[in-house]
Structure formats: C-alpha cells, structure tokens
Amino acid sequence: MSEKNRSGKRTARERMLEERAAQDAQHAKKKKLLVIGAVVVVLAVAAGIGIAVQSSRSSSDTPSAAPAGAIGPKNLVIPDGPANAPATLTVYEDPRCPACGQFEREFAPTVDQLQDQGKLYGNYHIVSFIDRHDGGKGSKNGANALACAQDAGYFRAYHDVLYKNQPDETVDAWKDKSKLIDLAKQVPGLDSPTFESCVNSNKFGSWVSAVEQDFDKSGYTSTPTVLLNGKPIYPKNGNDEITPDNLVKWVDEANQGKKPGTTGSGSASPAPTSTAAESDPALQPSGGGS
Amino acid sequence: MAARTAGGGGGGVVEWISTAARLGLAVVWAWAGLAKISDPAVAAQAVRAYRILPEGLVKPVGYGLPFLELALALLLLIGLGVRIAAVVSVLLLLAFVAGIASAWARGISIDCGCFGGGGAVDKSQTQYGQEILRDCGFLLLAGWLVARPRSRFSVDGWLAA
C-alpha cells in the first residue's frame, strides 16, 4: 500500500516536472521567436530609415538652376557651335581628368574649326566623377565654373583655358576657387563680380550634381567619352584611331550630301562666345582658329 | 540546463571563439556601412555599376544597404539575435559574392564598392579575386556564428539566464 502510494506520488511529481519542462520549452521557444521577430524588425526599420534619410540627403537629379543656353531634357548639356549643323559631337568630360585634358589640347582647334564651318554641333556634358575616385572638390568646382562661364557666354574660351592649365589629376588645385577665377582673367570679358560670385557661391552646384547623375545612368564609364552622331569615336572609331585629320574626315563623311549649318564662330551659342573665339589665337598660338 | 553546466569546460572555449567571431563580424559590417553613408549618389552608382538591378531598385538598395549593415553591426555588437543576424549576414555575403562573380564573368570592370567607393574602374584595377576571397573569410565568421551563436557578453545570454 505504501509502495503504491509512493509510486503514485512519484508519477504526480514526474508529471509536474514534465509539465514544467514543457512550459519552459514553450517559454524558451516564444522568447526565441520574439528575438527573431525583433531582429527582423530592426533590420527592416534600419533599411527603411536609410532609404528615407539618404533620399532626403541626396541632391535631386533635376537641377534647381541651369546655365543660360543649356539644352536637352533638364538642360544638362552645354552646346557649342551651330545647332543646325548636320553632325553632333557629344563629349563627356571631367575638368580633372587628364585624358580629357589631352583630348582637348589636341582636338579643340579642330573641333572649334568644324563648328565655325557649320559642320559640327558640340554637346558638352561636364561630369565630375574624379572627385569621387580621388576625393576632393576640383571637378565639381571646375564644372560649376564652366557653367558660370556658359551663363556669361564664354564657355568655349574658358573651357580651352581650363584644360590648358589643368593640374595633375592627383593635385586638387581647383578645390581653391580663386584659382578658377584667376584663370578666368585669361578670357577677355569673362571675369566680373557676377562671374566671381557665381564661382564662389557654387551657383550651379545642383546642376553639376544632376549632370553627374545623368552620366551615372548613361552607361558610359570613362571620360572623355566622345560620340559623333551618337557613335563612340574615342579612342577609336572602328579600327581607326582618332586624330584631328580623321575627325575632319569622319565629320565630312557623315555630313555628305547634307547642308551645313550656320557658319561663323560660335554663331548659335550665346553671342559673346564669338568675341572669345576671336581672341582665341592670342591665347593659344597653336590654335587653328577661324 | 544540465547540459549547459556540464559542458561548461569545453563550451567555454567555443563561446570565446564565438565572441571573437561576433565582434569581428560586427566591425566588418560597421566599417562597410559607415564607408557607404557619406555620399548617397556614390552608393547608388556602386550598385548601378553591377548592371544587375533595374534602375528602380538601384537607389533603394544603395541607400538602404549601408544602414542594414550598420544595424547588423549593432545587433552583433550587443549580441542580440546572434543566430538570425548571422543567417542574414551569410545571405548578404553570398549575394555580394554572386554579384562580384557575375561582374567578373561578364567582363565588366568595376570596384566592388564593398567598403565605399565602387563604380567603374580601369580593367587593370579590378580585384575580383581578392574581393571574393575577402568575402569568403567573412562568410566563415558568419557561418561559425550560425552554428555556434552562444557567446560571452551577449544580450542573448542575458535573456536566456
């Protein structure tokens, strides 16, 4: 009897322990699920906050102000030469990129000449991605200063001066805006209080950032990217290396049977460019001006 | 419970290894996240350069990923939900490795943008092999934590006590 009783007690105790263990297990399971849920929520909220914060911090891909005469959707492109020319040369270049400097120093006289002959319409995308790669501000400051020059009607001349005085890629000389203003003094008529305040206040900063974002999406990954009627011709067009002579030949081939556009220096661009172009030979003895 | 006390001697070393793995992975995620936060446009471009995601997803991923990485770093640092955080880490790292391998296989030249930067680079400057190897090292840490999430100085441990 006593034995029976004892065994009965034991089972009760065992049952109680079992129940407790089951409860504990359930409790632990609940805790685990809670932790997993909490972690998932934390991660999702963090990503959501990130998207919201970074969206508000990132500059718009539509500029708040664009330089006068800029063309294209959102006015991100600076034109040079006659808009009615039969061929279009699209150039993506960064003020700090050494290959762009080389390209400009070698080809600017030819490109200017083709434009002034009414054969070519220049479309310039002034990008600023070197600042990301190398750090610094020179590309962005330079691009803004070019926009200021366009706004004042001296894009071509200032563009030439900048690339002739381009610092080494790794030396971020143009983080100092006064250097960009000093260079503007080489373009007769450009330097003015308006121009200086435009450079110093980074007036076209949102435009510069929008142009860069447009380049990001273009699929082109290096500068200079040079397109003749939309077809890449730098450094090669098919099997042929680009040279000033080849460029003239390619433009003439593309224009065969088409009527040239308005001739004369910078006729279609903002008027003052012509003054700058005329004074070009004085600035660049090598320039094959009009 | 009994198993835990009984395994105290052997488990101790494992727990210390797990603690080191946890903190190591936390540092990796914190570093990766912080490096991508300063310029949202750069982060978006690093994602776009892979040419995998459609344009509509480029910005959400570029903007959200660094914060997700920082949140993982925080969870691992305090040791909350270590196993699930480690599982997410493994999945993320596998996605990164797949992305880099895909870029490599397609012959495009980009920087992985793993720790900031990213975007197109010169062909001679690609480092796909090293980048994948590095991520595999991180995968080992994360994999260890999936298997052995219990570690010292963790909120998980404190909650279980």
# chains A, B, ... in the order shown; residues from 1 in each chain; ligands from 1
>>> closest_atom_pairs(of="chain B", to="chain A", cutoff="7 Å", atoms="only C-alpha atoms", output="CSV")
residue,atom,partner,partner_atom,distance
B:Pro40,CA,A:Ser58,CA,5.7
B:Ala41,CA,A:Ser58,CA,6.5
B:Gln45,CA,A:Asp216,CA,6.5
B:Pro60,CA,A:Ile51,CA,5.7
B:Tyr63,CA,A:Ile51,CA,4.8
B:Gly64,CA,A:Ala47,CA,4.3
B:Leu65,CA,A:Ala47,CA,6.3
B:Phe67,CA,A:Gly50,CA,5.3
B:Leu68,CA,A:Ala47,CA,5.0
B:Ala71,CA,A:Leu43,CA,6.0
B:Gly81,CA,A:Val35,CA,5.7
B:Ile84,CA,A:Ile36,CA,6.3
B:Ala120,CA,A:Thr221,CA,5.8
>>> write_last_selection(atoms="N, CA and C atoms", output="PDB file, in the first residue's frame")
ATOM      1  N   PRO B  40      25.291  59.525 -50.881  1.00  0.00           N
ATOM      2  CA  PRO B  40      24.274  58.604 -51.409  1.00  0.00           C
ATOM      3  C   PRO B  40      24.426  58.347 -52.908  1.00  0.00           C
ATOM      4  N   ALA B  41      24.843  59.371 -53.661  1.00  0.00           N
ATOM      5  CA  ALA B  41      24.963  59.193 -55.111  1.00  0.00           C
ATOM      6  C   ALA B  41      26.045  58.173 -55.441  1.00  0.00           C
ATOM      7  N   GLN B  45      25.597  54.626 -57.302  1.00  0.00           N
ATOM      8  CA  GLN B  45      26.370  54.314 -58.501  1.00  0.00           C
ATOM      9  C   GLN B  45      27.122  52.995 -58.339  1.00  0.00           C
ATOM     10  N   PRO B  60      17.069  52.500 -53.824  1.00  0.00           N
ATOM     11  CA  PRO B  60      16.692  51.865 -52.551  1.00  0.00           C
ATOM     12  C   PRO B  60      17.794  50.973 -51.992  1.00  0.00           C
ATOM     13  N   TYR B  63      20.875  53.148 -50.955  1.00  0.00           N
ATOM     14  CA  TYR B  63      20.604  53.971 -49.777  1.00  0.00           C
ATOM     15  C   TYR B  63      20.360  53.104 -48.535  1.00  0.00           C
ATOM     16  N   GLY B  64      19.667  51.973 -48.701  1.00  0.00           N
ATOM     17  CA  GLY B  64      19.265  51.167 -47.550  1.00  0.00           C
ATOM     18  C   GLY B  64      20.337  50.224 -47.051  1.00  0.00           C
ATOM     19  N   LEU B  65      21.149  49.707 -47.984  1.00  0.00           N
ATOM     20  CA  LEU B  65      22.138  48.690 -47.614  1.00  0.00           C
ATOM     21  C   LEU B  65      23.093  49.129 -46.494  1.00  0.00           C
ATOM     22  N   PHE B  67      22.706  51.134 -44.078  1.00  0.00           N
ATOM     23  CA  PHE B  67      22.015  51.177 -42.781  1.00  0.00           C
ATOM     24  C   PHE B  67      21.708  49.761 -42.302  1.00  0.00           C
ATOM     25  N   LEU B  68      21.372  48.873 -43.227  1.00  0.00           N
ATOM     26  CA  LEU B  68      21.164  47.476 -42.877  1.00  0.00           C
ATOM     27  C   LEU B  68      22.458  46.887 -42.312  1.00  0.00           C
ATOM     28  N   ALA B  71      22.961  48.172 -38.846  1.00  0.00           N
ATOM     29  CA  ALA B  71      22.057  47.519 -37.900  1.00  0.00           C
ATOM     30  C   ALA B  71      22.579  46.126 -37.546  1.00  0.00           C
ATOM     31  N   GLY B  81      20.046  38.324 -30.850  1.00  0.00           N
ATOM     32  CA  GLY B  81      19.619  37.559 -32.033  1.00  0.00           C
ATOM     33  C   GLY B  81      20.782  37.171 -32.903  1.00  0.00           C
ATOM     34  N   ILE B  84      20.153  34.651 -35.937  1.00  0.00           N
ATOM     35  CA  ILE B  84      19.422  35.190 -37.081  1.00  0.00           C
ATOM     36  C   ILE B  84      20.238  36.290 -37.769  1.00  0.00           C
ATOM     37  N   ALA B 120      32.788  52.146 -61.915  1.00  0.00           N
ATOM     38  CA  ALA B 120      33.678  51.639 -62.950  1.00  0.00           C
ATOM     39  C   ALA B 120      35.130  51.963 -62.610  1.00  0.00           C
TER      40      ALA B 120
END
>>> residues_around(residues="region 143-146 of chain B", least_positions_apart="6", cutoff="9 Å", atoms="only C-alpha atoms", output="list in words")
Ser18, Thr19, Ala21, Arg22, Val82, Arg83, Ile84, Ala85, Ala86, Val87, Ser89 and Val90 of chain B
>>> residues_around(residues="Lys258 (chain A)", least_positions_apart="6", cutoff="12 Å", atoms="only C-alpha atoms", output="VMD selection string")
chain A and resid 84 to 87 118 to 120 251 to 252
>>> write_last_selection(atoms="N, CA and C atoms", output="mmCIF file, in the first residue's frame")
data_model
loop_
_atom_site.group_PDB
_atom_site.id
_atom_site.type_symbol
_atom_site.label_atom_id
_atom_site.label_comp_id
_atom_site.auth_asym_id
_atom_site.auth_seq_id
_atom_site.Cartn_x
_atom_site.Cartn_y
_atom_site.Cartn_z
ATOM 1 N N ASN A 84 22.101 73.971 -85.928
ATOM 2 C CA ASN A 84 21.584 73.406 -87.169
ATOM 3 C C ASN A 84 22.654 72.697 -87.998
ATOM 4 N N ALA A 85 23.837 72.490 -87.386
ATOM 5 C CA ALA A 85 24.879 71.735 -88.096
ATOM 6 C C ALA A 85 24.406 70.298 -88.285
ATOM 7 N N PRO A 86 24.798 69.655 -89.384
ATOM 8 C CA PRO A 86 24.286 68.310 -89.660
ATOM 9 C C PRO A 86 24.858 67.229 -88.734
ATOM 10 N N ALA A 87 26.018 67.461 -88.146
ATOM 11 C CA ALA A 87 26.606 66.435 -87.269
ATOM 12 C C ALA A 87 26.696 66.959 -85.837
ATOM 13 N N GLY A 118 30.216 75.402 -89.583
ATOM 14 C CA GLY A 118 28.826 74.962 -89.668
ATOM 15 C C GLY A 118 28.673 73.468 -89.839
ATOM 16 N N LYS A 119 29.764 72.720 -89.636
ATOM 17 C CA LYS A 119 29.708 71.277 -89.856
ATOM 18 C C LYS A 119 29.352 70.498 -88.612
ATOM 19 N N LEU A 120 29.580 71.096 -87.457
ATOM 20 C CA LEU A 120 29.509 70.313 -86.228
ATOM 21 C C LEU A 120 28.841 71.117 -85.113
ATOM 22 N N VAL A 251 33.683 63.579 -89.934
ATOM 23 C CA VAL A 251 32.585 64.550 -89.934
ATOM 24 C C VAL A 251 32.144 64.807 -91.373
ATOM 25 N N ASP A 252 33.112 64.972 -92.281
ATOM 26 C CA ASP A 252 32.769 65.229 -93.683
ATOM 27 C C ASP A 252 32.004 64.043 -94.270
#
>>> select_by_dssp(residues="region 11-149 of chain B", states="helix (DSSP H, G or I)", output="NGL selection string")
:B and (11-35 or 40-48 or 55-78 or 82-106 or 123-125 or 128-147)
>>> atom_distance(atom1="CA of Tyr163 (chain A)", atom2="CA of Pro224 (chain A)")
12.5 Å
>>> select_by_dssp(residues="region 19-239 of chain A", states="strand (DSSP E)", output="PyMOL selection string")
chain A and resi 78-80+87-93+120-126+225-228+231-232+236-237
>>> write_last_selection(atoms="C-alpha atoms", output="mmCIF file, in the first residue's frame")
data_model
loop_
_atom_site.group_PDB
_atom_site.id
_atom_site.type_symbol
_atom_site.label_atom_id
_atom_site.label_comp_id
_atom_site.auth_asym_id
_atom_site.auth_seq_id
_atom_site.Cartn_x
_atom_site.Cartn_y
_atom_site.Cartn_z
ATOM 1 C CA ILE A 78 26.174 72.823 -72.849
ATOM 2 C CA PRO A 79 26.014 73.457 -76.596
ATOM 3 C CA ASP A 80 28.799 74.957 -78.663
ATOM 4 C CA ALA A 87 26.606 66.435 -87.269
ATOM 5 C CA THR A 88 26.686 66.412 -83.474
ATOM 6 C CA LEU A 89 29.737 65.778 -81.365
ATOM 7 C CA THR A 90 28.801 64.704 -77.839
ATOM 8 C CA VAL A 91 31.592 64.974 -75.307
ATOM 9 C CA TYR A 92 31.534 63.746 -71.711
ATOM 10 C CA GLU A 93 34.477 65.165 -69.841
ATOM 11 C CA LEU A 120 29.509 70.313 -86.228
ATOM 12 C CA TYR A 121 27.330 70.997 -83.186
ATOM 13 C CA GLY A 122 29.195 70.415 -79.920
ATOM 14 C CA ASN A 123 27.293 68.996 -76.937
ATOM 15 C CA TYR A 124 29.249 69.042 -73.708
ATOM 16 C CA HIS A 125 28.408 67.024 -70.601
ATOM 17 C CA ILE A 126 30.592 68.400 -67.817
ATOM 18 C CA THR A 225 33.609 59.733 -73.982
ATOM 19 C CA VAL A 226 33.287 61.233 -77.442
ATOM 20 C CA LEU A 227 30.375 60.420 -79.735
ATOM 21 C CA LEU A 228 29.899 61.506 -83.339
ATOM 22 C CA LYS A 231 28.573 56.656 -82.091
ATOM 23 C CA PRO A 232 31.706 56.373 -79.931
ATOM 24 C CA LYS A 236 38.930 54.614 -81.878
ATOM 25 C CA ASN A 237 36.197 54.702 -84.469
#
>>> atom_distance(atom1="CA of Gly205 (chain A)", atom2="CA of Ile110 (chain B)")
26.9 Å
>>> residues_around(residues="Lys36 (chain B)", least_positions_apart="3", cutoff="7 Å", atoms="only C-alpha atoms", output="list in words")
Ala32, Gly33, Asp39, Ala43, Pro66, Phe115 and Gly116 of chain B
>>> write_last_selection(atoms="N, CA and C atoms", output="CSV table (one decimal), in the first residue's frame")
chain,number,residue,atom,x,y,z
B,32,ALA,N,31.9,48.6,-43.3
B,32,ALA,CA,31.3,48.6,-44.6
B,32,ALA,C,30.1,49.6,-44.6
B,33,GLY,N,29.3,49.6,-43.6
B,33,GLY,CA,28.2,50.5,-43.6
B,33,GLY,C,28.6,52.0,-43.6
B,39,ASP,N,28.1,59.7,-49.1
B,39,ASP,CA,27.6,60.2,-50.4
B,39,ASP,C,26.6,59.2,-51.0
B,43,ALA,N,27.0,55.7,-53.5
B,43,ALA,CA,26.5,54.4,-53.1
B,43,ALA,C,25.6,53.8,-54.1
B,66,PRO,N,23.7,50.3,-46.6
B,66,PRO,CA,24.6,50.7,-45.5
B,66,PRO,C,24.0,50.7,-44.1
B,115,PHE,N,33.5,48.5,-49.4
B,115,PHE,CA,33.8,49.4,-48.3
B,115,PHE,C,33.9,50.8,-48.9
B,116,GLY,N,32.8,51.3,-49.4
B,116,GLY,CA,32.8,52.6,-50.0
B,116,GLY,C,33.3,52.6,-51.4
